[in-house]
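Enquirer: Below is one structure. I have some questions about it.
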Amino acid sequence: MRGVFFVKIIVPAILVIVLFAISLSVVFIPMVEEGFMDRKKEMIRELTNSALSVIDEYHQEIYRGNLTEEQAKEMAINRIKFIRYGDDGLDYFWITNMIPEMIMHPYRTDLNGRNISGYTDPHGTMLFAEAVKKVKDSGDGYIDYWWQWKDDSTRIVPKLSYVKGFEPWDWIVGTGIYLEDVKEEIKVIRGRIVRITILFVLLIAIIIFYITRQSLIIERSRIDAEEKLKQSRLKYKMLVEASTESAMMWLEGRLIYFNQPILSHTGYTGEELLNKRMDELFTLQNESIEDLTATLEESRNVEAILHTRNGKELEVVLTISNVEINNKRGFIFIIKEVTRQLIRHKSEQMLEEELRTSLLLMNSPVNLFLRQPEYIDMDLTIREAADMMIRKQTELLFVTRNRKEIVGLLDHNAFINEVISGKNDHETIIFSVMKSPVIYVNENILLFEALLLFDKADEDYLAVKNDQSKTTGFISRKDLLAAQQNAPFLLVKKIERAELVSQLQSLYDKLPGILTLLISTDYHSRNIAHISAAFSDAISKRVVELAIEKTGPPPVKFAFISLGSEGREEQTLKTDQDNAIIYHGKYSEEVNEYFLQLSGKITGWLSNIGYEYCKGEVMASNPRWCQPLSKWKEYFREWVEDSDPESILDTSIFFDLRFVYGDKSLVDELKNEIVKIVDSKAVFFAHLAKSVHRLKAVTFSEKHKTIDLKKAMLPVVGFARVYALKNNISETNTVSRLKSIIERVNINKSFVEEIVKAYEYLMFLRFRLQTAKILSGENPDNSLRIDELTNIERATLKAVLVEIAEIYTQLGFDFEGRTM
């Protein structure tokens, strides 16, 4: 470990220090020296320019007429001769001409006036001739040479001078720096840098020593922790791999282990699975997988959807358990697939308990929900009422006169509204804001009766009296509404909030359990059909909404409609899809393409949920039944004006159309158009009546082993449809149509009433048959075995079928005979 640590930490640190020292001596210090020398050069260049500007001042005096040229030159020489600079004031300027001749040198007066073109320094440099050459070539320049140390002629040292010409007088002005001075200054700077470097290296060494020591401690701890982690992970890995169920282990949101069964379940490869997030693999019904795991304190079982590689959604039960590895939070998932049959069985048990509880509560007296009253005098203030509500922890006060007679109620909502709105202040007396008169109910009335009273009175609270007319407390609308949240109501609410088709499928699987319990409690078949229709409508609406979210907003207004048994609100559990789309405006390829894509999703998802495709393809996904309103009007005009008994039998279900989702005005306009089209069309109604005749009556015989309940009911459906269209009855439900016929049509009313009872009895048998088959794992159908009926049920069924057969006689009398 020490050898590895030395290589990883100590060696790199030493290399850094060595590289720093090398770069300092090879790069940084030379750069500093070069920069320092450049600044010195710049200094003497600027000083020379300053001297030239002085000379130029005297030159300008010639043009002004103040001086002659000789006077100006003499004055300029004398001025420059005495200019000094530098720390000791001994640095100077000298002047030559272009010959060159020395015009002025403050320290070598022996050269003044002499031709110096051949003058050389001790090393043979012809410095003045070189100065002339620099000026001629470029106007200025630098020259290196050896010269006496300032005013000391005995000391010869290296010097660097800058020379520049003054063209009007053919002069050259120069000054220089002694390189000995520069070297001394650079030596001082280098010394400072070296001292700083040594301090820096010492500091780095101390830091490295500290880091090394700490790192050794951390490294030892890390190795120990890794060993513990390895052992812990190995334990959990063996646990996951040994599981016979699909199992996965997550650590800090990442999948780290899984076993072979989960690969078979999902279809992913091991590498693909490791790259998946929790939310990509699992979807829960009421919360996200992240929220669940974030708050999980103990092992929990939840229902979930497992998303496989091929897009299939599997219903599973997840058992999620907390684990901790090296202070990191993780989870072990055990996944068990649940078949729809198991879900239905579970739903049946749960819903039976929920629904029985709900029905029991709805038929319970309200004294189960009674709250104890608190009293306050009417002359006290709102502030005092607020204090009492807080102290007594109540939301309602009974207001009394002289602490005896109850004169009103004060609830917290009214109190808050009065104060916040500013209508009254805190010192307002209670009497002016209380609700009066007080509405009382008897403590023995049933919960559902109390709910009706709440709606009628539009109140949130009702006072309760006993049989002796003594006030015993109060009941709250909120409490009663919470109590009456029965299973069908809750399921519809869950459907409205569903975000996945798989969630809707799970909710659909609960319907047989509900209907079975309603049938077992002798619930009226008409109400059972209404619950089934409401359930189906809720699913259809949510599917359309989800499809729009996927496809995008519709380009024009549209309506999704149901037809046939769905349109009549009579669908059972063995009902295929009958639907269509009406959209606004004229036909266009772009608009029609959108609605075909939308309807394809709708019908496909409905099929996945459990509503089978229509064998006759009467569905919105069929281009023929996805058309603009104008085309639908044409369809109905053709069906009415060019009808015959054979063709009208196939199109009759369209006359049962019902709005489900979208813009209802499109459906209303189409229905109004249908009323106009069929008005006074006797031939159409004759053909419509004959189409009912083509539906052969189902008869009862002990020889028959089964009876098709759907076929037995069809004559009643056709009968109600004929009379409803003839008499402009807007209802589509068969029983509702028959009841309207009784009220509005001149017909044997007792006969129609018997038909209503017969139809509802067949509907009851049909619901009972299909729910029983679904819950026993069979496919629902309409084939009823006669030998499974009781004697009373057989006798009733036989009488019902005989009654329905009379329909043909009534239709022949009212329609067919009159048009022949």
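Residues are named by chain letter and number: chains run A, B, ... in the order of the structure tokens, numbers start at 1 in each chain, and ligands are numbered from 1 in the order shown.
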Excluding range 751-753 of chain A and its own-chain neighbours fewer than 5 positions away, which residues fall within 10 Å of it when counting only C-alpha atoms? Please give them as a count of residues only.

Expert: 14

Enquirer: Please provide the set of residues having any atom within 8 Å of Leu709 in chain A, restricted to only C-alpha atoms, with same-chain residues fewer than 2 positions apart removed, written as a PyMOL selection string.

Expert: chain A and resi 707+711-713+762+765-766+782-784

Enquirer: Considering only C-alpha atoms, can you say which of A:Gln468, A:Leu251, A:Tyr92, A:Asp291 comes closest to Tyr178 in chain A?

Expert: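 Of A:Gln468, A:Leu251, A:Tyr92, A:Asp291, the one nearest Tyr178 in chain A is A:Tyr92, counting only C-alpha atoms.
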
Enquirer: Considering only C-alpha atoms, can you say which of A:Ala463, A:Lys631, A:Lys336, A:Asn97 comes closest to Tyr587 in chain A?

Expert: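 Closest to Tyr587 in chain A of all the choices is A:Lys631.
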
Enquirer: Have a look at A:Leu500, A:Thr572, A:Asp578, A:Glu646 and name the one nearest to Asn608 in chain A; count only C-alpha atoms.

Expert: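 Ranking A:Leu500, A:Thr572, A:Asp578, A:Glu646 by distance to Asn608 in chain A, first place goes to A:Leu500.
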
Enquirer: Could you please determine the separation between CA of Ser246 in chain A and CA of Gln505 in chain A in Å, to one decimal place?

Expert: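 Here the two named atoms are 23.4 Å from each other.
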
Enquirer: If you measure from CA of His105 in chain A to CA of Ile156 in chain A, what distance in Å do you get, rounded to one decimal?

Expert: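 Interatomic distance here is 16.5 Å.
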
Enquirer: Figure out the distance between CA of Glu590 in chain A and CA of Phe655 in chain A, please, to one decimal in Å.

Expert: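 Going from CA of Phe655 in chain A over to CA of Glu590 in chain A covers 28.7 Å.
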
Enquirer: Name the residues in contact with Pro554 in chain A at a cut-off of 9 Å, using only C-alpha atoms, excluding same-chain residues fewer than 2 positions from it; report them as a PyMOL selection string.

Expert: chain A and resi 548+551-552+556-558+591+594-595+598

Enquirer: Could you dump the residues just selected with all heavy atoms as a PDB file, in the first residue's frame?

Expert:
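For reference, selection_39.pdb as written:
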```pdb
ATOM      1  N   ILE A 548     -55.588  12.458 -27.286  1.00  0.00           N
ATOM      2  CA  ILE A 548     -55.330  13.837 -27.729  1.00  0.00           C
ATOM      3  C   ILE A 548     -53.970  14.301 -27.225  1.00  0.00           C
ATOM      4  O   ILE A 548     -53.223  14.984 -27.929  1.00  0.00           O
ATOM      5  CB  ILE A 548     -56.453  14.773 -27.244  1.00  0.00           C
ATOM      6  CG1 ILE A 548     -57.755  14.472 -28.008  1.00  0.00           C
ATOM      7  CG2 ILE A 548     -56.070  16.239 -27.432  1.00  0.00           C
ATOM      8  CD1 ILE A 548     -58.966  15.239 -27.518  1.00  0.00           C
ATOM      9  N   THR A 551     -51.544  12.706 -29.647  1.00  0.00           N
ATOM     10  CA  THR A 551     -51.661  13.100 -31.050  1.00  0.00           C
ATOM     11  C   THR A 551     -51.477  14.598 -31.242  1.00  0.00           C
ATOM     12  O   THR A 551     -51.025  15.037 -32.287  1.00  0.00           O
ATOM     13  CB  THR A 551     -53.038  12.664 -31.604  1.00  0.00           C
ATOM     14  OG1 THR A 551     -53.287  11.302 -31.256  1.00  0.00           O
ATOM     15  CG2 THR A 551     -53.099  12.822 -33.108  1.00  0.00           C
ATOM     16  N   GLY A 552     -51.816  15.385 -30.226  1.00  0.00           N
ATOM     17  CA  GLY A 552     -51.795  16.839 -30.345  1.00  0.00           C
ATOM     18  C   GLY A 552     -53.203  17.385 -30.401  1.00  0.00           C
ATOM     19  O   GLY A 552     -54.169  16.636 -30.591  1.00  0.00           O
ATOM     20  N   VAL A 556     -59.904  21.050 -35.579  1.00  0.00           N
ATOM     21  CA  VAL A 556     -61.252  21.631 -35.578  1.00  0.00           C
ATOM     22  C   VAL A 556     -62.062  20.979 -34.456  1.00  0.00           C
ATOM     23  O   VAL A 556     -61.645  19.987 -33.872  1.00  0.00           O
ATOM     24  CB  VAL A 556     -61.973  21.405 -36.933  1.00  0.00           C
ATOM     25  CG1 VAL A 556     -61.269  22.146 -38.061  1.00  0.00           C
ATOM     26  CG2 VAL A 556     -62.066  19.916 -37.255  1.00  0.00           C
ATOM     27  N   LYS A 557     -63.227  21.547 -34.183  1.00  0.00           N
ATOM     28  CA  LYS A 557     -64.116  20.973 -33.177  1.00  0.00           C
ATOM     29  C   LYS A 557     -64.578  19.590 -33.634  1.00  0.00           C
ATOM     30  O   LYS A 557     -64.772  19.353 -34.827  1.00  0.00           O
ATOM     31  CB  LYS A 557     -65.329  21.879 -32.962  1.00  0.00           C
ATOM     32  CG  LYS A 557     -64.990  23.249 -32.383  1.00  0.00           C
ATOM     33  CD  LYS A 557     -66.240  24.047 -32.065  1.00  0.00           C
ATOM     34  CE  LYS A 557     -67.022  24.363 -33.318  1.00  0.00           C
ATOM     35  NZ  LYS A 557     -68.202  25.221 -33.044  1.00  0.00           N
ATOM     36  N   PHE A 558     -64.787  18.691 -32.672  1.00  0.00           N
ATOM     37  CA  PHE A 558     -65.242  17.350 -33.022  1.00  0.00           C
ATOM     38  C   PHE A 558     -66.057  16.772 -31.871  1.00  0.00           C
ATOM     39  O   PHE A 558     -66.053  17.297 -30.751  1.00  0.00           O
ATOM     40  CB  PHE A 558     -64.066  16.433 -33.340  1.00  0.00           C
ATOM     41  CG  PHE A 558     -63.375  15.871 -32.128  1.00  0.00           C
ATOM     42  CD1 PHE A 558     -63.618  14.563 -31.696  1.00  0.00           C
ATOM     43  CD2 PHE A 558     -62.503  16.652 -31.389  1.00  0.00           C
ATOM     44  CE1 PHE A 558     -62.983  14.053 -30.575  1.00  0.00           C
ATOM     45  CE2 PHE A 558     -61.865  16.147 -30.272  1.00  0.00           C
ATOM     46  CZ  PHE A 558     -62.109  14.844 -29.865  1.00  0.00           C
ATOM     47  N   VAL A 591     -57.087  17.336 -42.113  1.00  0.00           N
ATOM     48  CA  VAL A 591     -57.951  17.190 -40.933  1.00  0.00           C
ATOM     49  C   VAL A 591     -58.358  15.728 -40.756  1.00  0.00           C
ATOM     50  O   VAL A 591     -58.331  15.190 -39.644  1.00  0.00           O
ATOM     51  CB  VAL A 591     -59.195  18.098 -41.064  1.00  0.00           C
ATOM     52  CG1 VAL A 591     -60.184  17.810 -39.933  1.00  0.00           C
ATOM     53  CG2 VAL A 591     -58.785  19.564 -41.038  1.00  0.00           C
ATOM     54  N   TYR A 594     -55.621  13.595 -39.287  1.00  0.00           N
ATOM     55  CA  TYR A 594     -55.464  13.765 -37.828  1.00  0.00           C
ATOM     56  C   TYR A 594     -56.478  12.906 -37.077  1.00  0.00           C
ATOM     57  O   TYR A 594     -56.121  12.166 -36.146  1.00  0.00           O
ATOM     58  CB  TYR A 594     -55.648  15.234 -37.432  1.00  0.00           C
ATOM     59  CG  TYR A 594     -55.782  15.417 -35.938  1.00  0.00           C
ATOM     60  CD1 TYR A 594     -54.665  15.557 -35.122  1.00  0.00           C
ATOM     61  CD2 TYR A 594     -57.037  15.400 -35.320  1.00  0.00           C
ATOM     62  CE1 TYR A 594     -54.777  15.680 -33.747  1.00  0.00           C
ATOM     63  CE2 TYR A 594     -57.159  15.527 -33.941  1.00  0.00           C
ATOM     64  CZ  TYR A 594     -56.028  15.672 -33.167  1.00  0.00           C
ATOM     65  OH  TYR A 594     -56.157  15.783 -31.800  1.00  0.00           O
ATOM     66  N   PHE A 595     -57.760  12.976 -37.490  1.00  0.00           N
ATOM     67  CA  PHE A 595     -58.798  12.267 -36.736  1.00  0.00           C
ATOM     68  C   PHE A 595     -58.686  10.747 -36.917  1.00  0.00           C
ATOM     69  O   PHE A 595     -59.070  10.000 -36.013  1.00  0.00           O
ATOM     70  CB  PHE A 595     -60.185  12.775 -37.130  1.00  0.00           C
ATOM     71  CG  PHE A 595     -60.515  14.112 -36.516  1.00  0.00           C
ATOM     72  CD1 PHE A 595     -60.639  15.240 -37.302  1.00  0.00           C
ATOM     73  CD2 PHE A 595     -60.653  14.238 -35.145  1.00  0.00           C
ATOM     74  CE1 PHE A 595     -60.929  16.469 -36.744  1.00  0.00           C
ATOM     75  CE2 PHE A 595     -60.946  15.464 -34.573  1.00  0.00           C
ATOM     76  CZ  PHE A 595     -61.081  16.594 -35.375  1.00  0.00           C
ATOM     77  N   LEU A 598     -56.014   9.842 -34.458  1.00  0.00           N
ATOM     78  CA  LEU A 598     -56.588   9.928 -33.108  1.00  0.00           C
ATOM     79  C   LEU A 598     -57.492   8.736 -32.825  1.00  0.00           C
ATOM     80  O   LEU A 598     -57.369   8.072 -31.779  1.00  0.00           O
ATOM     81  CB  LEU A 598     -57.381  11.238 -32.973  1.00  0.00           C
ATOM     82  CG  LEU A 598     -58.076  11.466 -31.624  1.00  0.00           C
ATOM     83  CD1 LEU A 598     -57.043  11.763 -30.547  1.00  0.00           C
ATOM     84  CD2 LEU A 598     -59.075  12.621 -31.732  1.00  0.00           C
TER      85      LEU A 598
END
```

Enquirer: Excluding Glu499 in chain A and its own-chain neighbours fewer than 4 positions away, which residues fall within 10 Å of it when counting only C-alpha atoms? Please give them as a short mmCIF file (atom, residue, chain, number, x, y, z; two decimals) with N, CA and C atoms, in the first residue's frame.

Expert:
```cif
data_model
loop_
_atom_site.label_atom_id
_atom_site.label_comp_id
_atom_site.auth_asym_id
_atom_site.auth_seq_id
_atom_site.Cartn_x
_atom_site.Cartn_y
_atom_site.Cartn_z
N GLN A 285 -49.74 3.26 -9.55
CA GLN A 285 -51.05 3.82 -9.87
C GLN A 285 -51.23 5.22 -9.31
N ASN A 286 -50.88 5.44 -8.05
CA ASN A 286 -51.25 6.68 -7.38
C ASN A 286 -50.07 7.55 -6.98
N LYS A 494 -61.23 7.70 -10.08
CA LYS A 494 -59.91 7.18 -10.41
C LYS A 494 -59.70 7.12 -11.92
N ILE A 495 -60.77 6.78 -12.64
CA ILE A 495 -60.69 6.76 -14.10
C ILE A 495 -60.35 8.15 -14.63
N GLN A 503 -53.56 1.59 -16.33
CA GLN A 503 -54.35 1.92 -15.14
C GLN A 503 -55.84 1.79 -15.43
N LEU A 504 -56.26 2.23 -16.61
CA LEU A 504 -57.67 2.09 -16.99
C LEU A 504 -58.05 0.62 -17.12
N ARG A 542 -61.74 9.37 -20.90
CA ARG A 542 -60.34 9.47 -20.50
C ARG A 542 -59.42 8.96 -21.60
N VAL A 543 -59.85 7.91 -22.31
CA VAL A 543 -59.05 7.40 -23.42
C VAL A 543 -58.92 8.46 -24.51
N GLU A 545 -59.06 11.69 -24.11
CA GLU A 545 -58.16 12.73 -23.59
C GLU A 545 -56.69 12.31 -23.69
N LEU A 546 -56.42 11.07 -23.32
CA LEU A 546 -55.05 10.57 -23.41
C LEU A 546 -54.58 10.51 -24.86
#
```

Enquirer: Compile the contact shell of Met104 in chain A as a PyMOL selection string: residues with an atom at most 6 Å away, counting only C-alpha atoms, same-chain residues fewer than 2 positions apart removed.

Expert: chain A and resi 94-95+102+112

Enquirer: Just to be explicit: take each residue in the selection above, keep N, CA, C and O atoms, and write the result as a short mmCIF file (atom, residue, chain, number, x, y, z; two decimals), in the first residue's frame.

Expert:
```
data_model
loop_
_atom_site.label_atom_id
_atom_site.label_comp_id
_atom_site.auth_asym_id
_atom_site.auth_seq_id
_atom_site.Cartn_x
_atom_site.Cartn_y
_atom_site.Cartn_z
N TRP A 94 24.82 63.23 -25.22
CA TRP A 94 25.87 63.72 -26.08
C TRP A 94 25.32 63.94 -27.47
O TRP A 94 24.29 63.39 -27.86
N ILE A 95 26.04 64.84 -28.24
CA ILE A 95 25.55 65.23 -29.57
C ILE A 95 26.71 65.13 -30.55
O ILE A 95 27.83 65.60 -30.26
N MET A 102 32.17 65.24 -32.95
CA MET A 102 31.58 65.43 -31.64
C MET A 102 31.23 66.90 -31.46
O MET A 102 32.11 67.77 -31.50
N ASN A 112 35.26 67.08 -28.13
CA ASN A 112 34.40 68.12 -28.71
C ASN A 112 35.11 68.78 -29.88
O ASN A 112 36.28 69.19 -29.77
#
```

Enquirer: Choose the residue, out of A:Ile602, A:Leu563, A:Val660, A:Leu306, that has the smallest atom-to-atom separation from Ser502 in chain A; count only C-alpha atoms.

Expert: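 Closest residue, counting only C-alpha atoms: A:Leu306.
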
Enquirer: Rank A:Tyr142, A:Tyr257, A:Phe767, A:Phe282 by their smallest atom-to-atom distance to Ile528 in chain A, using only C-alpha atoms, and report the top residue only.

Expert: A:Phe767

Enquirer: Neighbours of Glu271 in chain A within 12 Å (only C-alpha atoms; same-chain residues fewer than 6 positions away dropped), as a list in words?

Expert: Leu255, Ile256, Tyr257, Phe258 and Leu263 of chain A

Enquirer: Taking the DSSP secondary structure from the backbone, can you list the residues of range 34-202 of chain A that are alpha helix (DSSP H), as JSON, numbers by chain?

Expert: {"A": [34, 35, 36, 37, 38, 39, 40, 41, 42, 43, 44, 45, 46, 47, 48, 49, 50, 51, 52, 53, 54, 55, 56, 57, 58, 59, 60, 61, 62, 63, 64, 69, 70, 71, 72, 73, 74, 75, 76, 77, 78, 79, 80, 81, 127, 128, 129, 130, 131, 132, 133, 134, 135, 136, 137, 138, 179, 180, 181, 182, 183, 184, 185, 186, 187, 188, 189, 190, 191, 192, 193, 194, 195, 196, 197, 198, 199, 200, 201, 202]}

Enquirer: Can you pull out every residue within 9 Å of Tyr613 in chain A, counting only C-alpha atoms, but drop anything in the same chain fewer than 3 positions away, and send it as an MDAnalysis selection string?

Expert: chainID A and resid 576:578 603:604 606:607 616:619

Enquirer: Which residue, A:Ile177, A:Leu666, A:Leu714, A:Ala304, has the smallest gap to Trp149 in chain A when you use only C-alpha atoms?

Expert: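 Of A:Ile177, A:Leu666, A:Leu714, A:Ala304, the one nearest Trp149 in chain A, counting only C-alpha atoms, is A:Ile177.
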